[in-house]
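Pasting query.txt here (compact mmCIF, C-alpha atoms):
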```txt
# COMPACT_ATOMS: atom_id res chain seq x y z
CA MET W 1 179.03 -64.17 -119.41
CA ALA W 2 180.87 -67.33 -118.46
CA VAL W 3 183.41 -69.10 -120.63
CA PHE W 4 184.25 -72.79 -120.68
CA LEU W 5 187.42 -74.46 -121.80
CA ILE W 6 186.43 -77.63 -123.63
CA TYR W 7 188.63 -80.56 -124.60
CA THR W 8 188.28 -81.47 -128.27
CA VAL W 9 190.18 -84.74 -128.68
CA ASN W 10 189.80 -88.13 -127.08
CA GLY W 11 192.35 -88.80 -124.37
CA GLU W 12 194.41 -91.96 -124.64
CA ASN W 13 192.95 -93.55 -121.55
CA SER W 14 189.82 -93.32 -119.45
CA GLN W 15 191.52 -91.10 -116.87
CA ARG W 16 192.26 -88.43 -119.45
CA TYR W 17 189.73 -85.91 -120.71
CA GLN W 18 187.61 -87.00 -123.66
CA ARG W 19 186.25 -85.00 -126.60
CA GLY W 20 183.67 -82.50 -125.41
CA ASP W 21 184.62 -82.63 -121.72
CA ILE W 22 184.33 -79.40 -119.78
CA ILE W 23 187.72 -78.63 -118.24
CA ALA W 24 187.31 -75.27 -116.56
CA ALA W 25 185.06 -72.22 -116.28
CA PHE W 26 186.01 -68.57 -116.04
CA ASP W 27 184.36 -65.19 -116.29
CA ASP W 28 184.39 -63.21 -119.49
CA ALA W 29 187.37 -61.14 -118.41
CA HIS W 30 189.56 -64.22 -118.45
CA VAL W 31 192.74 -63.94 -120.49
CA TRP W 32 193.61 -67.17 -122.28
CA GLY W 33 197.01 -68.62 -122.87
CA ARG W 34 198.30 -69.10 -126.38
CA ARG W 35 197.93 -72.86 -126.20
CA GLU W 36 194.35 -72.58 -124.96
CA SER W 37 193.08 -70.07 -127.51
CA ARG W 38 193.80 -70.29 -131.21
CA LYS W 39 193.01 -66.58 -131.50
CA VAL W 40 195.69 -65.67 -128.95
CA TRP W 41 198.08 -67.98 -130.76
CA THR W 42 197.52 -66.36 -134.15
CA ASP W 43 197.31 -62.81 -132.74
CA GLU W 44 200.86 -63.33 -131.50
CA GLY W 45 201.92 -64.10 -135.05
CA ASN W 46 202.07 -67.86 -134.76
CA ILE W 47 200.92 -70.05 -137.64
CA ALA W 48 197.41 -71.36 -137.06
CA ALA W 49 198.23 -74.83 -138.35
CA TYR W 50 200.83 -75.26 -135.65
CA TRP W 51 198.37 -74.57 -132.82
CA PRO W 52 197.99 -77.71 -130.67
CA ASP W 53 194.23 -77.81 -131.41
CA ILE W 54 193.00 -79.67 -128.35
CA PHE W 55 190.73 -76.99 -126.86
CA LEU W 56 187.76 -74.89 -127.81
CA ILE W 57 186.34 -71.93 -125.94
CA LEU W 58 182.62 -71.93 -125.32
CA GLU W 59 181.23 -68.50 -124.43
CA LEU W 60 177.77 -68.42 -122.89
CA ASN W 61 176.08 -65.06 -122.53
CA ASN W 62 173.73 -64.74 -119.55
CA LEU W 63 175.37 -67.62 -117.69
CA SER W 64 177.01 -66.54 -114.45
CA LEU W 65 180.39 -67.82 -113.36
CA ALA W 66 178.79 -69.37 -110.28
CA GLN W 67 176.38 -71.28 -112.50
CA ALA W 68 179.16 -72.28 -114.84
CA ARG W 69 181.33 -73.66 -112.07
CA ASN W 70 178.60 -76.13 -111.19
CA TYR W 71 179.47 -77.85 -114.46
CA CYS W 72 183.08 -78.22 -113.35
CA ILE W 73 182.33 -80.12 -110.16
CA ARG W 74 183.53 -83.69 -110.35
CA THR W 75 182.28 -86.63 -108.38
CA GLY W 76 184.30 -89.70 -107.58
CA THR W 77 187.25 -90.35 -109.82
CA ARG W 78 185.44 -89.30 -113.01
CA ARG W 79 187.50 -86.77 -114.92
CA SER W 80 184.60 -84.58 -115.91
CA ASP W 81 180.92 -84.85 -115.05
CA TYR W 82 179.72 -82.74 -117.96
CA ASN W 83 180.48 -82.54 -121.63
CA ILE W 84 179.11 -81.24 -124.89
CA ASP W 85 178.57 -82.98 -128.22
CA ILE W 86 180.85 -80.86 -130.35
CA ASP W 87 179.92 -82.48 -133.64
CA ASP W 88 176.20 -82.11 -132.97
CA ILE W 89 176.61 -78.44 -132.12
CA LEU W 90 178.73 -77.76 -135.18
CA SER W 91 176.06 -79.35 -137.35
CA ARG W 92 173.45 -76.92 -136.07
CA ILE W 93 175.19 -73.57 -136.15
CA SER W 94 175.17 -70.86 -138.77
CA GLN W 95 177.95 -70.46 -141.31
CA THR W 96 179.03 -67.30 -139.52
CA LYS W 97 179.51 -69.15 -136.25
CA LEU W 98 181.21 -72.00 -138.09
CA ASP W 99 183.66 -69.59 -139.67
CA ILE W 100 184.54 -68.20 -136.25
CA TYR W 101 184.93 -71.72 -134.93
CA ASN W 102 187.22 -72.70 -137.77
CA ALA W 103 189.35 -69.61 -137.33
CA GLU W 104 189.43 -69.29 -133.55
CA ARG W 105 188.04 -72.52 -132.09
CA ARG W 106 185.49 -70.35 -130.31
CA LEU W 107 181.72 -70.69 -130.03
CA THR W 108 179.33 -68.11 -128.56
CA PHE W 109 175.72 -68.73 -127.53
CA ASN W 110 173.01 -67.22 -125.38
CA TRP W 111 172.32 -69.33 -122.31
CA ASN W 112 168.78 -68.02 -122.18
CA ASN W 113 168.06 -70.04 -125.30
CA PRO W 114 166.55 -73.34 -124.06
CA THR W 115 168.20 -75.22 -126.91
CA VAL W 116 171.61 -73.99 -125.82
CA GLN W 117 170.97 -75.26 -122.31
CA THR W 118 170.63 -78.77 -123.74
CA TYR W 119 174.12 -78.58 -125.19
CA ILE W 120 175.67 -79.38 -121.83
CA LYS W 121 175.06 -82.98 -120.94
CA SER W 122 175.62 -84.78 -117.67
CA LYS W 123 177.63 -87.99 -117.61
CA LEU W 124 176.16 -88.99 -114.28
CA MET R 1 212.22 -81.28 -121.34
CA THR R 2 209.08 -79.36 -122.12
CA VAL R 3 208.52 -76.17 -120.13
CA SER R 4 205.17 -74.41 -120.35
CA THR R 5 204.40 -71.06 -118.78
CA ILE R 6 201.36 -70.52 -116.57
CA LYS R 7 200.44 -66.84 -116.48
CA SER R 8 197.44 -64.61 -115.93
CA SER R 9 198.16 -63.22 -119.40
CA GLY R 10 200.74 -63.89 -122.05
CA GLY R 11 201.50 -67.48 -121.09
CA ASP R 12 201.06 -70.85 -122.69
CA TYR R 13 198.23 -71.63 -120.29
CA SER R 14 196.16 -69.62 -117.85
CA SER R 15 195.55 -72.52 -115.47
CA LEU R 16 197.34 -75.63 -114.32
CA THR R 17 194.22 -77.60 -115.16
CA ALA R 18 194.59 -76.73 -118.84
CA TRP R 19 198.30 -77.50 -118.70
CA GLU R 20 197.62 -80.90 -117.17
CA ALA R 21 194.92 -81.61 -119.75
CA ALA R 22 197.38 -80.90 -122.53
CA GLN R 23 199.97 -83.42 -121.36
CA ALA R 24 200.46 -86.65 -123.28
CA ALA R 25 199.25 -89.80 -121.57
CA THR R 26 202.82 -91.11 -121.60
CA LEU R 27 205.65 -88.69 -120.95
CA THR R 28 208.81 -89.09 -123.01
CA ALA R 29 210.55 -86.15 -121.33
CA PRO R 30 210.02 -84.14 -118.13
CA ALA R 31 207.00 -81.88 -118.38
CA GLU R 32 207.31 -78.68 -116.39
CA ALA R 33 204.90 -75.88 -115.60
CA GLU R 34 206.61 -72.59 -114.81
CA CYS R 35 204.17 -70.54 -112.79
CA TYR R 36 204.19 -66.76 -112.64
CA ASP R 37 202.83 -64.11 -110.32
CA PHE R 38 199.08 -64.62 -109.88
CA SER R 39 196.42 -66.47 -107.94
CA SER R 40 194.68 -69.24 -109.84
CA SER R 41 191.37 -70.48 -108.49
CA GLU R 42 191.01 -74.09 -109.56
CA ASN R 43 190.92 -77.70 -108.49
CA LEU R 44 193.80 -79.54 -110.11
CA THR R 45 193.66 -83.29 -110.65
CA ILE R 46 196.76 -84.92 -112.07
CA THR R 47 195.92 -88.37 -113.37
CA GLY R 48 196.13 -90.74 -116.31
CA ILE R 49 199.73 -89.82 -117.16
CA THR R 50 202.47 -92.43 -117.25
CA THR R 51 205.57 -90.91 -115.67
CA SER R 52 208.97 -92.26 -114.66
CA ALA R 53 211.99 -91.22 -112.62
CA THR R 54 213.36 -89.34 -115.61
CA ASN R 55 210.07 -88.31 -117.23
CA TYR R 56 208.25 -86.57 -114.42
CA LEU R 57 205.83 -83.72 -113.92
CA ARG R 58 207.11 -80.63 -112.17
CA ILE R 59 205.20 -77.51 -111.19
CA TYR R 60 207.37 -74.69 -109.98
CA GLY R 61 207.45 -70.98 -109.31
CA ALA R 62 209.31 -68.89 -111.85
CA SER R 63 212.56 -67.54 -110.43
CA ALA R 64 211.47 -63.94 -111.03
CA ASN R 65 208.29 -64.51 -109.06
CA ARG R 66 209.48 -66.61 -106.16
CA LEU R 67 207.49 -66.69 -102.98
CA ASP R 68 209.16 -64.75 -100.21
CA GLY R 69 208.26 -67.42 -97.70
CA ARG R 70 204.84 -65.96 -96.95
CA SER R 71 201.48 -66.61 -98.51
CA ARG R 72 200.53 -64.49 -101.48
CA ASN R 73 197.62 -63.37 -99.28
CA VAL R 74 200.19 -61.72 -97.02
CA SER R 75 203.02 -60.74 -99.36
CA GLY R 76 201.09 -60.12 -102.57
CA THR R 77 203.62 -62.01 -104.64
CA GLY R 78 204.19 -65.47 -106.04
CA PHE R 79 202.05 -68.11 -107.66
CA GLN R 80 199.10 -69.43 -105.70
CA ILE R 81 196.65 -72.17 -106.57
CA THR R 82 193.57 -71.95 -104.38
CA ALA R 83 190.24 -73.70 -103.98
CA SER R 84 187.37 -73.10 -101.59
CA SER R 85 185.80 -76.51 -102.11
CA GLY R 86 187.19 -79.89 -103.03
CA ASN R 87 190.85 -80.85 -102.90
CA THR R 88 193.00 -78.08 -104.29
CA ILE R 89 195.45 -80.55 -105.82
CA ASN R 90 194.88 -84.28 -106.17
CA VAL R 91 197.88 -86.26 -107.40
CA ALA R 92 197.40 -89.68 -108.99
CA VAL R 93 200.54 -90.15 -111.04
CA ASN R 94 203.81 -91.73 -109.94
CA HIS R 95 206.31 -88.90 -110.33
CA CYS R 96 205.27 -85.37 -109.52
CA ARG R 97 207.16 -82.47 -108.00
CA PHE R 98 206.06 -79.13 -106.58
CA ASP R 99 208.67 -76.46 -106.02
CA GLY R 100 208.26 -72.86 -104.97
CA ILE R 101 204.50 -72.51 -105.28
CA GLU R 102 201.66 -71.87 -102.85
CA ILE R 103 198.84 -74.39 -102.47
CA GLU R 104 195.85 -73.05 -100.58
CA GLY R 105 192.66 -74.85 -99.61
CA THR R 106 190.09 -72.73 -97.83
CA GLY R 107 187.33 -75.30 -97.54
CA THR R 108 186.97 -78.62 -95.81
CA ALA R 109 188.92 -80.89 -98.15
CA HIS R 110 192.65 -81.46 -98.47
CA ALA R 111 194.90 -78.75 -99.81
CA LEU R 112 197.18 -81.39 -101.33
CA THR R 113 196.30 -85.06 -101.49
CA TYR R 114 197.77 -88.19 -102.97
CA GLN R 115 195.01 -90.39 -104.31
CA PHE R 116 194.46 -93.67 -102.53
CA GLY R 117 195.11 -96.85 -104.49
CA THR R 118 197.19 -95.17 -107.15
CA PHE R 119 200.85 -95.77 -106.55
CA ALA R 120 202.98 -98.75 -107.53
CA ALA R 121 205.36 -100.17 -104.95
CA GLY R 122 208.84 -98.78 -105.34
CA ALA R 123 207.98 -96.97 -108.55
CA ASN R 124 207.00 -93.51 -107.47
CA ASP R 125 208.80 -90.39 -106.30
CA HIS R 126 206.95 -87.33 -105.05
CA ARG R 127 208.47 -84.09 -103.86
CA VAL R 128 207.06 -80.99 -102.24
CA GLU R 129 209.79 -78.40 -101.82
CA ASN R 130 210.18 -74.70 -101.13
CA SER R 131 206.44 -74.27 -101.10
CA ILE R 132 203.66 -72.99 -98.88
CA VAL R 133 200.73 -75.30 -98.27
CA HIS R 134 198.04 -73.97 -96.02
CA ASP R 135 194.65 -73.56 -94.45
CA VAL R 136 191.86 -76.17 -94.69
CA LEU R 137 189.52 -74.46 -92.30
CA THR R 138 187.19 -77.15 -90.99
CA GLY R 139 186.09 -80.69 -91.64
CA THR R 140 188.22 -83.77 -92.14
CA GLY R 141 190.69 -82.48 -94.68
CA TYR R 142 194.39 -82.31 -93.95
CA THR R 143 196.79 -79.73 -95.22
CA ILE R 144 198.68 -82.60 -96.85
CA ASN R 145 197.10 -86.02 -97.08
CA ALA R 146 199.85 -88.49 -97.92
CA SER R 147 198.43 -91.51 -96.14
CA THR R 148 198.49 -93.56 -99.31
CA SER R 149 199.82 -97.08 -99.87
CA ASN R 150 203.22 -97.39 -101.57
CA LEU R 151 203.74 -93.62 -101.67
CA ASN R 152 207.30 -92.30 -101.60
CA ILE R 153 207.31 -88.63 -100.70
CA THR R 154 209.87 -86.02 -99.74
CA ILE R 155 208.60 -82.87 -98.03
CA ARG R 156 211.39 -80.34 -97.72
CA ASN R 157 211.83 -76.64 -97.01
CA ASN R 158 208.12 -75.89 -96.83
CA VAL R 159 205.85 -73.74 -94.70
CA ILE R 160 202.70 -75.72 -93.91
CA TYR R 161 199.92 -74.38 -91.72
CA GLY R 162 196.21 -74.42 -91.15
CA PHE R 163 193.40 -75.34 -88.84
CA GLN R 164 193.34 -79.10 -89.30
CA ARG R 165 195.91 -81.90 -89.26
CA THR R 166 199.16 -80.73 -90.85
CA TRP R 167 199.81 -84.00 -92.61
CA ASP R 168 199.28 -87.69 -92.38
CA THR R 169 201.84 -89.99 -93.97
CA ARG R 170 200.71 -93.25 -92.42
CA ASN R 171 200.38 -96.03 -95.01
CA ALA R 172 202.99 -94.36 -97.20
CA ALA R 173 206.04 -96.48 -97.94
CA VAL R 174 208.63 -93.77 -97.31
CA ALA R 175 208.13 -90.21 -96.13
CA THR R 176 210.98 -87.78 -95.58
CA SER R 177 210.59 -84.44 -93.83
CA GLU R 178 213.48 -82.01 -93.83
CA ASN R 179 213.47 -78.41 -92.69
CA ASN R 180 209.75 -77.81 -92.70
CA THR R 181 207.97 -75.22 -90.60
CA THR R 182 204.48 -76.41 -89.66
CA TRP R 183 201.77 -74.74 -87.61
CA ARG R 184 198.17 -75.31 -86.57
CA HIS R 185 195.91 -72.50 -85.57
CA ALA R 186 193.53 -74.99 -83.96
CA ASP R 187 193.94 -77.81 -81.49
CA GLN R 188 194.52 -80.59 -84.02
CA LEU R 189 197.22 -83.22 -84.42
CA GLY R 190 200.26 -82.00 -86.33
CA LEU R 191 202.57 -84.43 -88.11
CA VAL R 192 200.87 -87.82 -88.03
CA SER R 193 203.04 -90.76 -88.94
CA ASP R 194 204.22 -94.27 -88.24
CA SER R 195 207.62 -95.72 -89.05
CA GLU R 196 207.51 -94.59 -92.70
CA LEU R 197 208.61 -91.10 -91.64
CA THR R 198 212.15 -89.88 -91.26
CA CYS R 199 211.93 -86.39 -89.86
CA LYS R 200 214.77 -83.93 -89.41
CA ASN R 201 215.11 -80.22 -88.74
CA THR R 202 211.34 -79.84 -88.70
CA TYR R 203 209.29 -77.61 -86.45
CA ALA R 204 205.73 -78.48 -85.48
CA GLY R 205 203.70 -76.14 -83.34
CA LYS R 206 200.21 -74.97 -82.56
CA ALA R 207 198.48 -71.96 -81.10
CA SER R 208 197.01 -73.75 -78.10
CA GLY R 209 195.53 -77.02 -76.90
CA SER R 210 196.73 -80.51 -76.11
CA ALA R 211 196.76 -82.28 -79.50
CA GLU R 212 200.30 -83.47 -80.11
CA ASP R 213 202.60 -81.70 -82.56
CA PHE R 214 204.23 -85.00 -83.52
CA TRP R 215 201.85 -87.92 -83.22
CA THR R 216 202.55 -91.56 -83.85
CA GLY R 217 199.79 -94.12 -84.10
CA GLY R 218 201.90 -97.25 -84.41
CA ALA R 219 205.56 -98.04 -84.99
CA ALA R 220 207.74 -95.07 -84.26
CA PRO R 221 209.24 -92.80 -86.91
CA SER R 222 212.92 -91.92 -86.89
CA GLY R 223 214.82 -88.68 -87.06
CA ASN R 224 216.48 -85.97 -85.08
CA ASN R 225 216.85 -82.26 -84.45
CA ASN R 226 213.16 -81.49 -84.59
CA ALA R 227 211.32 -78.94 -82.48
CA SER R 228 207.80 -78.72 -81.12
CA SER R 229 205.66 -76.35 -79.14
CA ASP R 230 204.90 -79.23 -76.78
CA THR R 231 207.21 -82.05 -75.74
CA SER R 232 206.15 -84.54 -78.41
CA GLN R 233 209.32 -84.16 -80.44
CA ALA R 234 211.18 -85.97 -77.68
CA THR R 235 208.95 -89.03 -77.86
CA ASP R 236 210.37 -90.46 -81.07
CA TYR R 237 213.24 -88.21 -82.04
CA THR R 238 216.61 -87.29 -80.62
CA ALA R 239 218.57 -84.06 -80.20
CA GLY R 240 215.53 -81.84 -80.57
CA VAL R 241 214.05 -78.85 -78.78
CA SER R 242 210.78 -78.93 -76.86
CA SER R 243 208.33 -76.28 -75.70
CA VAL R 244 209.19 -73.77 -78.42
CA SER R 245 206.23 -71.44 -78.76
CA GLY R 246 205.57 -70.00 -82.18
CA SER R 247 205.54 -66.44 -80.95
CA SER R 248 209.03 -66.86 -79.49
CA VAL R 249 210.66 -67.81 -82.79
CA PHE R 250 208.51 -66.59 -85.71
CA THR R 251 207.64 -63.12 -86.94
CA SER R 252 203.90 -63.79 -86.85
CA VAL R 253 201.72 -66.81 -86.16
CA THR R 254 198.52 -64.79 -86.38
CA SER R 255 195.96 -66.32 -88.71
CA GLY R 256 195.75 -64.30 -91.89
CA SER R 257 199.12 -62.64 -91.46
CA GLU R 258 201.38 -65.66 -91.01
CA ASP R 259 205.07 -64.93 -91.32
CA PHE R 260 207.35 -67.77 -90.29
CA ARG R 261 210.62 -65.99 -90.90
CA LEU R 262 212.82 -66.33 -87.85
CA LEU R 263 212.93 -63.58 -85.26
CA SER R 264 216.21 -61.91 -84.48
CA GLY R 265 217.83 -62.27 -81.11
CA THR R 266 217.78 -65.43 -79.05
CA ASN R 267 215.88 -68.02 -81.05
CA ALA R 268 215.60 -71.68 -80.12
CA LEU R 269 215.49 -72.80 -83.75
CA VAL R 270 218.67 -71.06 -84.86
CA ASP R 271 221.72 -73.31 -85.18
CA ALA R 272 219.70 -76.17 -83.66
CA GLY R 273 219.44 -78.32 -86.78
CA ALA R 274 221.46 -81.22 -88.11
CA THR R 275 223.62 -80.93 -91.21
CA LEU R 276 221.70 -82.20 -94.22
CA THR R 277 222.34 -82.13 -97.95
CA ILE R 278 220.04 -79.36 -99.21
CA ALA R 279 222.01 -76.22 -99.89
CA THR R 280 219.39 -73.52 -99.45
CA ASP R 281 216.27 -72.61 -97.51
CA ILE R 282 212.77 -71.88 -98.84
CA ILE R 283 213.77 -68.53 -100.31
CA GLY R 284 217.23 -69.49 -101.51
CA THR R 285 219.37 -68.48 -98.54
CA SER R 286 222.43 -70.71 -98.24
CA ARG R 287 222.56 -73.16 -95.37
CA PRO R 288 224.06 -72.89 -92.86
CA GLN R 289 224.37 -69.20 -92.03
CA GLY R 290 225.58 -69.66 -88.49
CA SER R 291 227.45 -72.43 -86.73
CA ALA R 292 224.87 -75.01 -87.73
CA TRP R 293 221.66 -75.40 -89.71
CA ASP R 294 218.50 -73.80 -88.41
CA ILE R 295 215.36 -75.82 -87.80
CA GLY R 296 212.47 -75.08 -90.13
CA ALA R 297 212.05 -73.70 -93.63
CA PHE R 298 214.07 -70.54 -93.06
CA GLU R 299 217.77 -70.09 -92.44
CA ARG R 300 218.31 -66.88 -90.49
CA ILE R 301 220.86 -64.58 -92.03
CA VAL R 302 223.76 -63.84 -89.77
CA ALA R 303 225.19 -60.76 -91.42
CA GLY R 304 222.14 -58.59 -90.86
CA GLY R 305 221.23 -60.24 -87.65
CA GLY R 306 217.56 -59.89 -88.47
CA SER R 307 214.75 -61.80 -90.02
CA THR R 308 214.84 -60.13 -93.41
CA PRO R 309 215.54 -62.68 -96.11
CA VAL R 310 218.04 -62.14 -98.87
CA PRO R 311 216.72 -61.68 -102.38
CA SER R 312 215.61 -64.97 -103.83
CA VAL R 313 218.07 -67.11 -105.67
CA ALA R 314 217.24 -68.97 -108.85
CA VAL R 315 216.73 -72.31 -107.21
CA CYS R 316 213.71 -73.29 -109.26
CA GLY R 317 215.46 -74.09 -112.44
CA ALA R 318 218.10 -76.21 -110.81
CA GLY R 319 216.12 -79.43 -110.81
CA PHE R 320 216.53 -81.97 -108.06
```
Could you render the structure from this file as C-alpha cells?
Amino acid sequence: MAVFLIYTVNGENSQRYQRGDIIAAFDDAHVWGRRESRKVWTDEGNIAAYWPDIFLILELNNLSLAQARNYCIRTGTRRSDYNIDIDDILSRISQTKLDIYNAERRLTFNWNNPTVQTYIKSKL
Amino acid sequence: MTVSTIKSSGGDYSSLTAWEAAQAATLTAPAEAECYDFSSSENLTITGITTSATNYLRIYGASANRLDGRSRNVSGTGFQITASSGNTINVAVNHCRFDGIEIEGTGTAHALTYQFGTFAAGANDHRVENSIVHDVLTGTGYTINASTSNLNITIRNNVIYGFQRTWDTRNAAVATSENNTTWRHADQLGLVSDSELTCKNTYAGKASGSAEDFWTGGAAPSGNNNASSDTSQATDYTAGVSSVSGSSVFTSVTSGSEDFRLLSGTNALVDAGATLTIATDIIGTSRPQGSAWDIGAFERIVAGGGSTPVPSVAVCGAGF
C-alpha cells in the first residue's frame, strides 16, 4: 500500500500548493507527524478543532510506492503535476468512509478499482 | 518565531516537504524546521513564500542530533535529506538558511540549487552553514548550484564533496566562502567563480586529474588563506597553501567512507587559516585551537593532539 499526503486548501499564490495537490508519497509503514495527520494529533490528546487542517492522507491498497512516486514527479516550475478532486471524491464515498474522513482526514481505497484510478488527475 | 520538529516519528512533520507546504505565503516571523535523527528521502522545493531579513526560513539539525562532520551514511547519525533523482533541494525564496544538516543527491541533478530568475537585487540572504552537501554522481548537476542572478549567499563551515563540480557561484551578486572543506572524487572543476566570490580558509581538492580546484572564468575572485590539491589557489588568492593532497590531511577521502576530520601530526591545513569572525567549526569546536585558525570545516583539537572531535556544542539554536 502507498499513502499520499494531499493538500486540502488553496494556496495564496500560484507557487503554493492548491487544494487536492499531491505533496508526497510514502509506504504504508510511514509514521505521520501530528500536523500531517489529524489522527496522530488527536491520539496525542490534542483537540481536533485546533488541528491545522490543511492535509488529508490518501491510502491506496495495491499501489506500490514506486508507482506512487511517479505522481510526485514535477516538471518545470509547476508545484505539483497531479491532484485529486477532493469534493468529487467525498460526494461518492460511503457514510462509513465519510465518517473516517471527518474524524481523521483519511481516505482509503483499492487501487485495483478502475474508478479509483481516475481519482488522480494530471495537470499536464 | 515558529519552530516545527521534523522527525521520523513523534514530530510535527515527517518530511520537510510537508513543513514547507504548511508555511504561510507571507512570513510574519522566522519559520524554523528543527530536524532530528533520520534520513528523509524527498525532493524539497521552497517557493512562493515571501520572506525578509527578519522573517526567514531556517532548516537546522537539532542540537541533540548534530552531525559529527561525516555523512549519515558513514556515521549513522544526524538528519539527512536525500534524493536519487531531481534536485534534492531547490530554493526559490529570498531568505533561507541551512544549518547542521546533510543534503545528499545521488543522481544527476543538483544536490542544492538556487532557482534561476528568482532573486531580487539586494533583497536576499542565503546561508549554508555547518552542513554536509554531497555526491551528485554523474551528469551536469553540481553539488551546489548558486550561479543565479542577484543571489547573495554565504557558505561557511561545510563539508562539500562529490563527483561533479563542487559549486558554481558565477552570476551571483555576492558569494562568501569561509572554512569549507571541498572534495571531488572525479576529475571535475571544483569551486567555480568570478569576482562575486570572496573565499577564505577554504580547501578544495580532488582525487586525481587536471581539472582545477579553484577555477575562474572571468574577473578574479578575492580572498586568502585557501588551500588546494593543485596550485590553483595561488592564481587568485594570497597566503594560501598549494599541493595539499587529501590523503595527507584528512582521515579518509575514500568514496563511501569520507571523513574530513583533520589527521594528527604534521598537517598543512592546521594553523594555516586567517582569523575570521565565526567562533566554532562544523561540529562546534571553538576556533582557534592552536596558534591560528585551521583551513577547512574542522578545527583540530590541540589538547588531544588527534582528530577526534569534541562533543557537539549547541550551535544550532544560536541563530546567525
Legend entry - Residue neighbourhood segment 138-153 of chain R, 9 Å, only C-alpha atoms, exclusion window fewer than 2 positions, as a ChimeraX atom specification: /R:87,94,104-128,133-136,155,160-177,193
If you take every atom of segment 128-132 of chain R that the file lists and fit an axis-aligned box around them with 8 Å extra on each side, what centre and edge lengths come out in Å to one decimal, as AutoDock Vina command-line options?
```
--center_x 206.9 --center_y -77.0 --center_z -100.6 --size_x 22.5 --size_y 24.0 --size_z 19.4
```
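Using all atoms listed in the file, the part of chain R that sits within 7 Å of chain W is made up of R:Ser8, R:Ser9, R:Gly10, R:Gly11, R:Asp12, R:Tyr13, R:Ser14, R:Ala21, R:Ala25, R:Thr47, R:Gly48.
Every protein or nucleic acid residue with an atom no more than 8 Å from Ser228 of chain R, counting all atoms listed in the file and leaving out same-chain residues fewer than 5 positions away, appears here: R:Tyr203, R:Ala204, R:Gly205, R:Asp213, R:Phe214, R:Gln233, R:Val241, R:Ser242, R:Ser243, R:Val244, R:Ser245.
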Inset, instruction - Would you work out the distance separating atom CA of Asp281 of chain R from atom CA of Val302 of chain R, expressed in Å to one decimal? - result: 13.9 Å
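One distance worth recording is that between atom CA of Gln95 of chain W and atom CA of Asn61 of chain W, which is 19.6 Å.
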Inset, instruction - Have a look at atom CA of Asp28 of chain W and atom CA of Ala24 of chain R and let me know their distance in Å, one decimal. - result: 28.7 Å
